[in-house]
file protein-v3.txt (compact mmCIF, C-alpha atoms and all ligand atoms)
# COMPACT_ATOMS: atom_id res chain seq x y z
CA MET A 1 73.80 -59.46 54.23
CA ASN A 2 73.06 -57.48 57.38
CA LEU A 3 70.86 -59.26 59.88
CA TRP A 4 68.23 -56.55 59.65
CA GLU A 5 68.00 -57.11 55.92
CA GLN A 6 66.82 -60.67 56.51
CA ASN A 7 63.85 -59.31 58.43
CA ILE A 8 62.62 -56.86 55.85
CA ARG A 9 59.27 -57.85 54.37
CA LYS A 10 60.01 -58.48 50.72
CA VAL A 11 57.20 -57.98 48.25
CA VAL A 12 56.74 -57.33 44.57
CA PRO A 13 54.49 -54.26 44.49
CA TYR A 14 51.47 -53.65 42.30
CA VAL A 15 52.25 -51.36 39.37
CA PRO A 16 49.49 -48.82 38.73
CA GLY A 17 48.90 -47.25 35.31
CA GLU A 18 51.07 -44.24 34.52
CA GLN A 19 49.92 -40.83 35.76
CA PRO A 20 51.63 -38.50 33.27
CA GLN A 21 51.71 -34.99 34.71
CA GLN A 22 51.70 -33.06 31.44
CA GLU A 23 48.30 -31.77 30.42
CA ASP A 24 48.45 -32.54 26.71
CA ARG A 25 48.18 -36.31 27.31
CA ILE A 26 45.08 -38.34 26.57
CA LYS A 27 44.70 -40.64 29.54
CA LEU A 28 42.79 -43.80 28.75
CA ASN A 29 44.85 -46.05 31.01
CA THR A 30 43.47 -46.03 34.58
CA ASN A 31 39.69 -46.16 34.13
CA GLU A 32 39.07 -42.71 35.52
CA ASN A 33 35.87 -40.91 34.58
CA PRO A 34 36.38 -38.28 31.85
CA TYR A 35 33.67 -36.03 33.31
CA PRO A 36 34.10 -33.79 36.34
CA PRO A 37 32.43 -34.53 39.68
CA SER A 38 28.86 -33.29 40.22
CA PRO A 39 28.02 -29.64 41.11
CA SER A 40 27.18 -30.63 44.69
CA VAL A 41 30.81 -31.78 45.09
CA TYR A 42 32.05 -28.36 43.96
CA GLN A 43 29.75 -26.67 46.46
CA ALA A 44 30.79 -28.93 49.31
CA HIS A 45 34.45 -28.32 48.52
CA GLN A 46 34.02 -24.56 48.39
CA SER A 47 32.20 -24.44 51.71
CA ALA A 48 35.00 -26.31 53.54
CA ASP A 49 35.95 -24.72 56.87
CA VAL A 50 39.73 -24.58 56.58
CA GLY A 51 40.03 -23.63 60.26
CA SER A 52 38.66 -27.05 61.19
CA PHE A 53 41.56 -28.76 59.42
CA ALA A 54 43.38 -28.28 62.74
CA LEU A 55 41.19 -31.02 64.19
CA TYR A 56 41.21 -34.74 63.51
CA PRO A 57 38.31 -35.99 61.41
CA ASP A 58 35.54 -38.22 62.81
CA PRO A 59 37.33 -41.61 63.02
CA SER A 60 34.11 -43.44 62.14
CA ALA A 61 33.37 -41.11 59.16
CA GLY A 62 29.83 -41.39 60.52
CA GLU A 63 28.20 -38.88 58.19
CA LEU A 64 29.47 -40.67 55.10
CA VAL A 65 28.65 -44.12 56.44
CA LYS A 66 25.08 -43.00 57.26
CA LYS A 67 24.63 -41.42 53.84
CA LEU A 68 25.67 -44.61 52.08
CA GLU A 69 23.52 -46.81 54.34
CA GLY A 70 20.54 -44.62 53.47
CA TYR A 71 21.27 -44.55 49.74
CA TYR A 72 21.61 -48.33 49.51
CA GLY A 73 18.71 -49.10 51.87
CA LEU A 74 20.90 -50.75 54.50
CA GLU A 75 20.75 -50.75 58.29
CA ASP A 76 23.10 -48.96 60.69
CA GLY A 77 26.45 -50.72 60.85
CA GLN A 78 26.35 -52.27 57.38
CA VAL A 79 28.85 -49.93 55.66
CA PHE A 80 32.60 -49.56 56.08
CA VAL A 81 34.47 -46.71 54.34
CA GLY A 82 38.13 -46.48 53.36
CA VAL A 83 40.75 -44.64 51.35
CA GLY A 84 39.62 -45.88 47.94
CA SER A 85 38.46 -49.43 47.41
CA ASP A 86 42.11 -50.55 47.34
CA ASP A 87 42.26 -49.68 51.04
CA VAL A 88 38.93 -51.40 51.71
CA LEU A 89 39.88 -54.54 49.78
CA SER A 90 43.29 -54.76 51.37
CA LEU A 91 41.75 -54.45 54.83
CA ALA A 92 39.13 -57.06 53.93
CA PHE A 93 41.93 -59.47 52.91
CA LEU A 94 43.67 -58.83 56.23
CA THR A 95 40.45 -59.23 58.23
CA PHE A 96 38.84 -62.24 56.57
CA PHE A 97 41.51 -64.34 54.91
CA ASN A 98 43.29 -66.07 57.79
CA SER A 99 42.88 -69.70 56.80
CA GLU A 100 45.64 -72.11 55.89
CA LYS A 101 43.64 -73.05 52.83
CA PRO A 102 44.25 -70.93 49.73
CA ILE A 103 41.95 -68.10 48.77
CA LEU A 104 40.64 -68.29 45.21
CA PHE A 105 40.40 -65.69 42.48
CA PRO A 106 40.51 -65.85 38.66
CA ASP A 107 43.85 -66.10 36.84
CA VAL A 108 42.93 -62.99 34.86
CA THR A 109 41.60 -60.33 37.23
CA TYR A 110 42.57 -57.24 39.18
CA SER A 111 46.32 -57.65 39.59
CA PHE A 112 46.33 -56.21 43.11
CA TYR A 113 44.74 -59.40 44.56
CA PRO A 114 47.92 -61.54 44.44
CA VAL A 115 49.94 -58.58 45.76
CA TRP A 116 47.78 -58.24 48.89
CA ALA A 117 47.81 -62.01 49.33
CA ASP A 118 51.61 -61.96 49.21
CA VAL A 119 52.08 -59.01 51.55
CA TYR A 120 49.75 -60.56 54.15
CA ARG A 121 51.17 -64.09 53.61
CA ILE A 122 47.80 -65.46 52.51
CA PRO A 123 48.07 -68.61 50.38
CA TYR A 124 46.19 -68.29 47.10
CA GLU A 125 45.27 -70.17 43.95
CA CYS A 126 44.31 -68.65 40.64
CA VAL A 127 41.33 -70.27 38.95
CA PRO A 128 41.60 -70.13 35.15
CA LEU A 129 38.92 -68.27 33.20
CA ASP A 130 37.48 -70.38 30.38
CA ASP A 131 38.69 -69.97 26.79
CA SER A 132 36.36 -67.03 26.21
CA PHE A 133 37.60 -65.35 29.40
CA HIS A 134 34.48 -66.09 31.44
CA ILE A 135 34.45 -66.93 35.13
CA CYS A 136 32.97 -70.44 35.69
CA PRO A 137 31.14 -70.38 39.05
CA GLU A 138 31.36 -74.17 39.47
CA ASP A 139 35.17 -73.91 39.60
CA TYR A 140 34.87 -72.16 42.98
CA ALA A 141 33.04 -75.05 44.64
CA ARG A 142 36.05 -76.55 46.40
CA PRO A 143 37.76 -76.16 49.76
CA ASN A 144 39.33 -72.71 50.12
CA GLY A 145 40.12 -69.94 52.58
CA GLY A 146 37.94 -67.32 50.87
CA VAL A 147 37.01 -66.05 47.44
CA VAL A 148 37.40 -62.68 45.73
CA ILE A 149 35.70 -61.92 42.43
CA ALA A 150 35.68 -58.63 40.54
CA ASN A 151 32.24 -58.26 38.98
CA PRO A 152 32.36 -57.04 36.26
CA ASN A 153 35.83 -58.49 35.98
CA ALA A 154 38.85 -56.35 35.15
CA PRO A 155 40.55 -56.16 32.75
CA THR A 156 38.18 -58.41 30.75
CA SER A 157 35.22 -55.98 31.21
CA MET A 158 32.66 -58.81 31.40
CA GLY A 159 30.27 -59.44 34.25
CA LEU A 160 28.62 -62.45 35.85
CA LYS A 161 24.84 -62.66 36.25
CA ARG A 162 23.56 -62.33 39.81
CA LYS A 163 22.56 -66.02 39.71
CA GLU A 164 26.15 -66.98 38.94
CA VAL A 165 27.52 -64.78 41.73
CA GLU A 166 24.97 -66.38 44.05
CA GLU A 167 26.20 -69.84 43.06
CA ILE A 168 29.71 -68.89 44.19
CA ILE A 169 28.46 -67.42 47.48
CA ARG A 170 26.12 -70.37 48.17
CA SER A 171 28.82 -72.97 47.62
CA ASN A 172 31.22 -71.12 49.94
CA GLN A 173 29.21 -70.39 53.06
CA ASP A 174 32.07 -71.33 55.41
CA VAL A 175 34.29 -68.52 54.10
CA ILE A 176 33.93 -64.87 53.14
CA VAL A 177 33.22 -64.10 49.50
CA ILE A 178 34.25 -60.59 48.43
CA ILE A 179 32.56 -59.20 45.33
CA ASP A 180 34.54 -56.22 44.05
CA GLU A 181 31.97 -54.06 42.24
CA ALA A 182 34.30 -51.22 41.22
CA TYR A 183 32.61 -51.00 37.79
CA ILE A 184 29.07 -52.16 38.57
CA ASP A 185 27.38 -48.81 37.90
CA PHE A 186 28.30 -49.09 34.22
CA GLY A 187 26.03 -52.05 33.63
CA GLY A 188 26.60 -55.16 35.74
CA GLU A 189 24.15 -57.02 37.99
CA THR A 190 24.92 -56.13 41.59
CA ALA A 191 25.12 -58.70 44.38
CA LEU A 192 23.60 -56.24 46.87
CA PRO A 193 20.16 -57.93 47.08
CA LEU A 194 21.97 -61.10 48.21
CA LEU A 195 23.18 -59.40 51.41
CA LYS A 196 19.82 -60.22 53.03
CA GLU A 197 20.33 -63.94 52.47
CA TYR A 198 24.06 -64.55 52.80
CA GLU A 199 26.06 -63.48 55.80
CA ASN A 200 29.37 -64.47 54.14
CA LEU A 201 29.06 -61.81 51.42
CA LEU A 202 31.00 -58.54 51.30
CA VAL A 203 30.31 -56.12 48.42
CA VAL A 204 33.01 -53.51 47.75
CA ARG A 205 32.47 -50.31 45.74
CA THR A 206 34.40 -47.16 44.83
CA TYR A 207 33.82 -43.47 44.09
CA SER A 208 36.78 -43.52 41.69
CA LYS A 209 35.03 -44.60 38.50
CA SER A 210 31.31 -43.86 38.25
CA ARG A 211 31.42 -40.89 40.64
CA SER A 212 34.44 -39.13 39.07
CA LEU A 213 36.33 -38.91 42.36
CA ALA A 214 39.47 -41.04 41.96
CA GLY A 215 41.56 -38.21 43.38
CA MET A 216 39.56 -38.07 46.61
CA ARG A 217 40.19 -41.74 47.45
CA ILE A 218 36.83 -43.00 48.69
CA GLY A 219 35.77 -46.64 48.71
CA PHE A 220 33.34 -48.65 50.80
CA ALA A 221 32.21 -52.13 51.72
CA MET A 222 28.68 -53.35 52.43
CA GLY A 223 27.95 -56.46 54.43
CA ASN A 224 26.29 -57.79 57.54
CA LYS A 225 27.04 -55.98 60.78
CA ARG A 226 29.45 -58.61 62.11
CA LEU A 227 31.64 -58.38 59.03
CA ILE A 228 31.66 -54.58 59.14
CA GLN A 229 32.44 -54.62 62.86
CA ALA A 230 35.36 -57.00 62.23
CA MET A 231 36.73 -54.65 59.58
CA ASN A 232 36.39 -51.66 61.89
CA ASP A 233 38.22 -53.54 64.64
CA VAL A 234 41.15 -54.28 62.32
CA LYS A 235 41.17 -50.75 60.89
CA GLU A 236 41.20 -49.26 64.38
CA SER A 237 44.14 -51.49 65.20
CA ILE A 238 46.12 -49.86 62.40
CA ASN A 239 44.96 -46.28 61.79
CA SER A 240 42.00 -44.51 63.44
CA TYR A 241 41.70 -41.59 61.04
CA THR A 242 41.68 -42.94 57.51
CA MET A 243 39.08 -40.64 55.96
CA SER A 244 39.99 -36.96 55.76
CA GLN A 245 37.37 -34.32 56.59
CA GLU A 246 37.34 -33.37 52.93
CA ALA A 247 36.78 -36.92 51.70
CA ILE A 248 33.88 -37.31 54.14
CA ARG A 249 32.26 -34.02 53.11
CA VAL A 250 32.71 -34.56 49.38
CA GLY A 251 31.65 -38.20 49.63
CA VAL A 252 28.37 -37.19 51.25
CA ALA A 253 27.74 -34.42 48.70
CA ALA A 254 28.36 -36.68 45.68
CA ILE A 255 25.45 -38.89 46.70
CA ASP A 256 23.05 -35.91 46.55
CA ASP A 257 23.44 -35.40 42.81
CA GLU A 258 21.68 -38.47 41.44
CA GLU A 259 20.67 -36.77 38.19
CA VAL A 260 24.18 -35.74 37.12
CA PHE A 261 25.45 -39.15 38.22
CA GLN A 262 22.95 -40.94 35.99
CA GLN A 263 23.61 -38.57 33.06
CA ASN A 264 27.36 -39.19 33.22
CA LEU A 265 26.84 -42.94 33.36
CA LYS A 266 24.65 -42.75 30.24
CA LYS A 267 27.26 -40.66 28.42
CA VAL A 268 30.06 -43.10 29.22
CA ILE A 269 27.93 -46.09 28.21
CA ARG A 270 26.90 -44.43 24.92
CA THR A 271 30.53 -43.61 24.08
CA ARG A 272 31.56 -47.15 25.06
CA GLU A 273 29.13 -48.76 22.62
CA ARG A 274 30.15 -46.40 19.81
CA SER A 275 33.83 -46.99 20.57
CA LYS A 276 33.35 -50.75 20.43
CA GLU A 277 31.91 -50.43 16.92
CA GLU A 278 34.68 -48.06 15.83
CA LEU A 279 37.35 -50.46 17.08
CA GLU A 280 35.66 -53.41 15.36
CA LYS A 281 35.60 -51.47 12.08
CA ARG A 282 39.37 -51.15 12.45
CA GLY A 283 40.00 -54.87 12.84
CA PHE A 284 39.84 -55.21 16.63
CA ILE A 285 38.14 -58.06 18.46
CA VAL A 286 36.38 -56.42 21.40
CA PHE A 287 34.60 -58.07 24.34
CA ASP A 288 31.14 -56.88 25.36
CA SER A 289 31.81 -54.48 28.20
CA GLN A 290 29.79 -53.74 31.32
CA THR A 291 32.42 -51.30 32.54
CA ASN A 292 33.95 -47.93 31.59
CA PHE A 293 36.67 -49.59 29.51
CA LEU A 294 37.06 -51.95 26.56
CA PHE A 295 39.29 -54.99 26.39
CA ALA A 296 40.40 -55.59 22.83
CA ARG A 297 42.99 -57.15 20.58
CA HIS A 298 43.79 -56.36 16.99
CA SER A 299 43.43 -59.21 14.51
CA GLN A 300 46.87 -58.49 12.98
CA ILE A 301 48.91 -56.02 14.99
CA PRO A 302 50.55 -57.01 18.29
CA ALA A 303 49.14 -55.09 21.27
CA GLU A 304 52.55 -54.01 22.50
CA LYS A 305 53.31 -52.38 19.17
CA LEU A 306 50.06 -50.43 19.26
CA PHE A 307 50.60 -49.50 22.91
CA ASP A 308 54.05 -48.06 22.13
CA ALA A 309 52.85 -46.25 19.01
CA LEU A 310 49.95 -44.65 20.87
CA ARG A 311 52.20 -43.66 23.73
CA GLU A 312 54.50 -41.90 21.27
CA ARG A 313 51.46 -39.92 20.25
CA ARG A 314 50.74 -39.12 23.89
CA ILE A 315 47.73 -41.39 24.07
CA TYR A 316 47.96 -43.66 27.10
CA VAL A 317 46.12 -46.98 27.18
CA ARG A 318 46.93 -50.03 29.35
CA HIS A 319 48.87 -53.11 28.31
CA PHE A 320 49.52 -56.06 30.63
CA GLY A 321 52.53 -58.29 30.15
CA SER A 322 51.04 -61.50 31.59
CA GLU A 323 50.90 -64.42 29.23
CA ARG A 324 47.20 -64.93 28.60
CA ILE A 325 46.45 -61.29 27.89
CA HIS A 326 49.66 -59.88 26.46
CA ASN A 327 47.99 -59.35 23.11
CA TYR A 328 45.18 -57.22 24.51
CA LEU A 329 44.79 -53.53 25.24
CA ARG A 330 42.56 -52.12 27.93
CA ILE A 331 41.15 -48.82 26.77
CA THR A 332 39.31 -46.55 29.20
CA ILE A 333 36.29 -44.75 27.80
CA GLY A 334 37.09 -41.04 27.55
CA THR A 335 34.97 -38.23 26.11
CA ASP A 336 33.78 -38.57 22.51
CA GLU A 337 36.46 -36.08 21.48
CA GLN A 338 39.22 -38.10 23.17
CA MET A 339 38.00 -41.31 21.58
CA ASP A 340 37.95 -39.68 18.13
CA ILE A 341 41.61 -38.68 18.58
CA LEU A 342 42.36 -42.31 19.48
CA PHE A 343 40.56 -43.61 16.39
CA ARG A 344 42.41 -41.19 14.09
CA ALA A 345 45.72 -42.26 15.62
CA LEU A 346 44.79 -45.92 15.15
CA ASP A 347 43.85 -45.29 11.51
CA GLU A 348 47.33 -43.94 10.85
CA GLU A 349 49.10 -46.70 12.75
CA ILE A 350 47.09 -49.43 11.05
CA LYS A 351 47.84 -47.88 7.62
CA ASN A 352 51.55 -47.75 8.48
CA PHE A 353 51.50 -51.41 9.52
CA TYR A 354 50.27 -52.82 6.19
N1 LIG A 401 38.94 -52.93 42.00
C1 LIG A 401 39.14 -52.96 40.68
C2 LIG A 401 38.65 -54.14 39.91
C3 LIG A 401 39.82 -51.90 40.05
O1 LIG A 401 40.04 -51.94 38.73
C4 LIG A 401 40.26 -50.80 40.82
C5 LIG A 401 40.96 -49.63 40.15
N2 LIG A 401 42.30 -49.80 39.91
C6 LIG A 401 40.03 -50.83 42.19
C7 LIG A 401 39.36 -51.90 42.75
C8 LIG A 401 40.55 -49.76 43.11
O2 LIG A 401 40.03 -48.51 42.88
P1 LIG A 401 40.10 -47.37 43.98
O3 LIG A 401 41.16 -47.72 44.98
O4 LIG A 401 40.42 -46.15 43.22
O5 LIG A 401 38.75 -47.33 44.61
call {"tool": "encode", "arguments": {"input": "protein-v3.txt", "output": "structure tokens", "more": "lines below"}}
Ligand code: PMP
result
Amino acid sequence: MNLWEQNIRKVVPYVPGEQPQQEDRIKLNTNENPYPPSPSVYQAHQSADVGSFALYPDPSAGELVKKLEGYYGLEDGQVFVGVGSDDVLSLAFLTFFNSEKPILFPDVTYSFYPVWADVYRIPYECVPLDDSFHICPEDYARPNGGVVIANPNAPTSMGLKRKEVEEIIRSNQDVIVIIDEAYIDFGGETALPLLKEYENLLVVRTYSKSRSLAGMRIGFAMGNKRLIQAMNDVKESINSYTMSQEAIRVGVAAIDDEEVFQQNLKKVIRTRERSKEELEKRGFIVFDSQTNFLFARHSQIPAEKLFDALRERRIYVRHFGSERIHNYLRITIGTDEQMDILFRALDEEIKNFY
């Protein structure tokens, strides 16, 4: 082995869901929103001044930060923005998790957490969910270097009550607790009101799901000013200009269209509840979801078999190989038409199986 090879940082990367490029695919595998962004986003995009692309963007993305602080009723300096919540979460890991004690997160959760921990050399321990895949807050009351909880959790789709989140934050006041609220707009109880009381809390959100802007890569964190300042210091030690001019402009505009935002949320939630019933009729066991996806297993047919069969039919859902959940599928909520195509495909596959 060459000497330089010994010094390469070796990591096992996160594997995102497939992004098939052909248009005739039905994509229910990465929890994108099936509806387009709001009209104000179209307008903002069309009015872009291409000449100004010659200049660097505002390194503080001040306009976007201000907009979000206003929308969420926060003070100046309480919001940090990044290139999707993956960027924000990764930077939060780098900024806040520097203890020799392990950070804690559930054994079944967003599979990027262990990858960031590994790449930054942060020790971690996975805390098992209970037998019904719930997070038990009392399990987090032990010495640790920080805690990260997705609420609602992914891929299980189930959320904790605010009281339960508070229990985790209260019993961990010597470390930072990150609550990843990527899916909160679809029905969970947000931890935001707790920001007033707990200075160790960081709430992370994204535009990728509820605001139909996964392609624009916009995420943000909300916390007390010292936490946000610490994140900005680390970010500015790595890359000054993370947010493009376009992401800033579009991110601001999206917040102006509250009505379309709320309508789209209602549509997704309505389709989710109908889809749960349709899956149950077909022999699936489906968890109650507070997200824009369902986590389900079939009572007879192995998940991998269904995953492959659907993929053959150009319907993409998500299957995870890890032991506890290998018999489950995660199905993103698409439009009603897309879901009906899925149900018809399942009818045929289930008939073929028996
Ligand atoms: N957190 C959770 C729980 C997620 O499922 C995702 C989406 N893969 C993200 C964060 C990151 O989303 P984005 O980077 O698009 O904001």
call {"tool": "closest_residue", "arguments": {"input": "protein-v3.txt", "among": "A:Leu94, A:Ile169, A:Ala214, A:Cys136", "to": "ligand LIG 401 (chain A)", "atoms": "only C-alpha atoms and all ligand atoms"}}
result
A:Ala214
call {"tool": "residues_near_ligand", "arguments": {"input": "protein-v3.txt", "ligand": "ligand LIG 401 (chain A)", "cutoff": "6 Å", "atoms": "all atoms listed in the file", "output": "VMD selection string"}}
result
chain A and resid 84 to 86 110 150 154 180 182 206 208 214 219
call {"tool": "residues_around", "arguments": {"input": "protein-v3.txt", "residues": "Tyr124 in chain A", "least_positions_apart": "5", "cutoff": "12 Å", "atoms": "all atoms listed in the file", "output": "PyMOL selection string"}}
result
chain A and resi 93+97-107+113-119+143-148
call {"tool": "atom_distance", "arguments": {"input": "protein-v3.txt", "atom1": "CA of Val234 in chain A", "atom2": "CA of Gly77 in chain A"}}
result
15.2 Å
call {"tool": "closest_atom_pairs", "arguments": {"input": "protein-v3.txt", "of": "range 147-222 of chain A", "to": "range 48-68 of chain A", "cutoff": "10 Å", "atoms": "all atoms listed in the file", "output": "JSON lines"}}
result
{"residue": "A:Phe220", "atom": "CA", "partner": "A:Val65", "partner_atom": "CA", "distance": 8.6}
{"residue": "A:Ala221", "atom": "CA", "partner": "A:Val65", "partner_atom": "CA", "distance": 10.0}
{"residue": "A:Met222", "atom": "CA", "partner": "A:Leu68", "partner_atom": "CA", "distance": 9.3}
call {"tool": "closest_residue", "arguments": {"input": "protein-v3.txt", "among": "A:Pro155, A:Gly215, A:Pro137, A:Pro123", "to": "Asn172 in chain A", "atoms": "all atoms listed in the file"}}
result
A:Pro137
call {"tool": "residues_near_point", "arguments": {"input": "protein-v3.txt", "point": "(46.7, -42.1, 24.5)", "cutoff": "6 Å", "atoms": "all atoms listed in the file", "output": "list in words"}}
result
Ile26, Lys27, Leu310, Arg311, Arg314, Ile315, Tyr316 and Val317 of chain A
call {"tool": "write_last_selection", "arguments": {"input": "protein-v3.txt", "atoms": "C-alpha atoms", "output": "mmCIF file, in the frame of the given file"}}
result
data_model
loop_
_atom_site.group_PDB
_atom_site.id
_atom_site.type_symbol
_atom_site.label_atom_id
_atom_site.label_comp_id
_atom_site.auth_asym_id
_atom_site.auth_seq_id
_atom_site.Cartn_x
_atom_site.Cartn_y
_atom_site.Cartn_z
ATOM 1 C CA ILE A 26 45.080 -38.340 26.570
ATOM 2 C CA LYS A 27 44.700 -40.640 29.540
ATOM 3 C CA LEU A 310 49.950 -44.650 20.870
ATOM 4 C CA ARG A 311 52.200 -43.660 23.730
ATOM 5 C CA ARG A 314 50.740 -39.120 23.890
ATOM 6 C CA ILE A 315 47.730 -41.390 24.070
ATOM 7 C CA TYR A 316 47.960 -43.660 27.100
ATOM 8 C CA VAL A 317 46.120 -46.980 27.180
#
call {"tool": "residues_around", "arguments": {"input": "protein-v3.txt", "residues": "Asp340 in chain A", "least_positions_apart": "2", "cutoff": "12 Å", "atoms": "only C-alpha atoms", "output": "MDAnalysis selection string"}}
result
chainID A and resid 26 271 274:275 278:279 315 333:338 342:347
call {"tool": "residues_around", "arguments": {"input": "protein-v3.txt", "residues": "Leu192 in chain A", "least_positions_apart": "6", "cutoff": "12 Å", "atoms": "all atoms listed in the file", "output": "count of residues only"}}
result
24
call {"tool": "atom_distance", "arguments": {"input": "protein-v3.txt", "atom1": "CA of Asp185 in chain A", "atom2": "CA of Glu197 in chain A"}}
result
22.2 Å
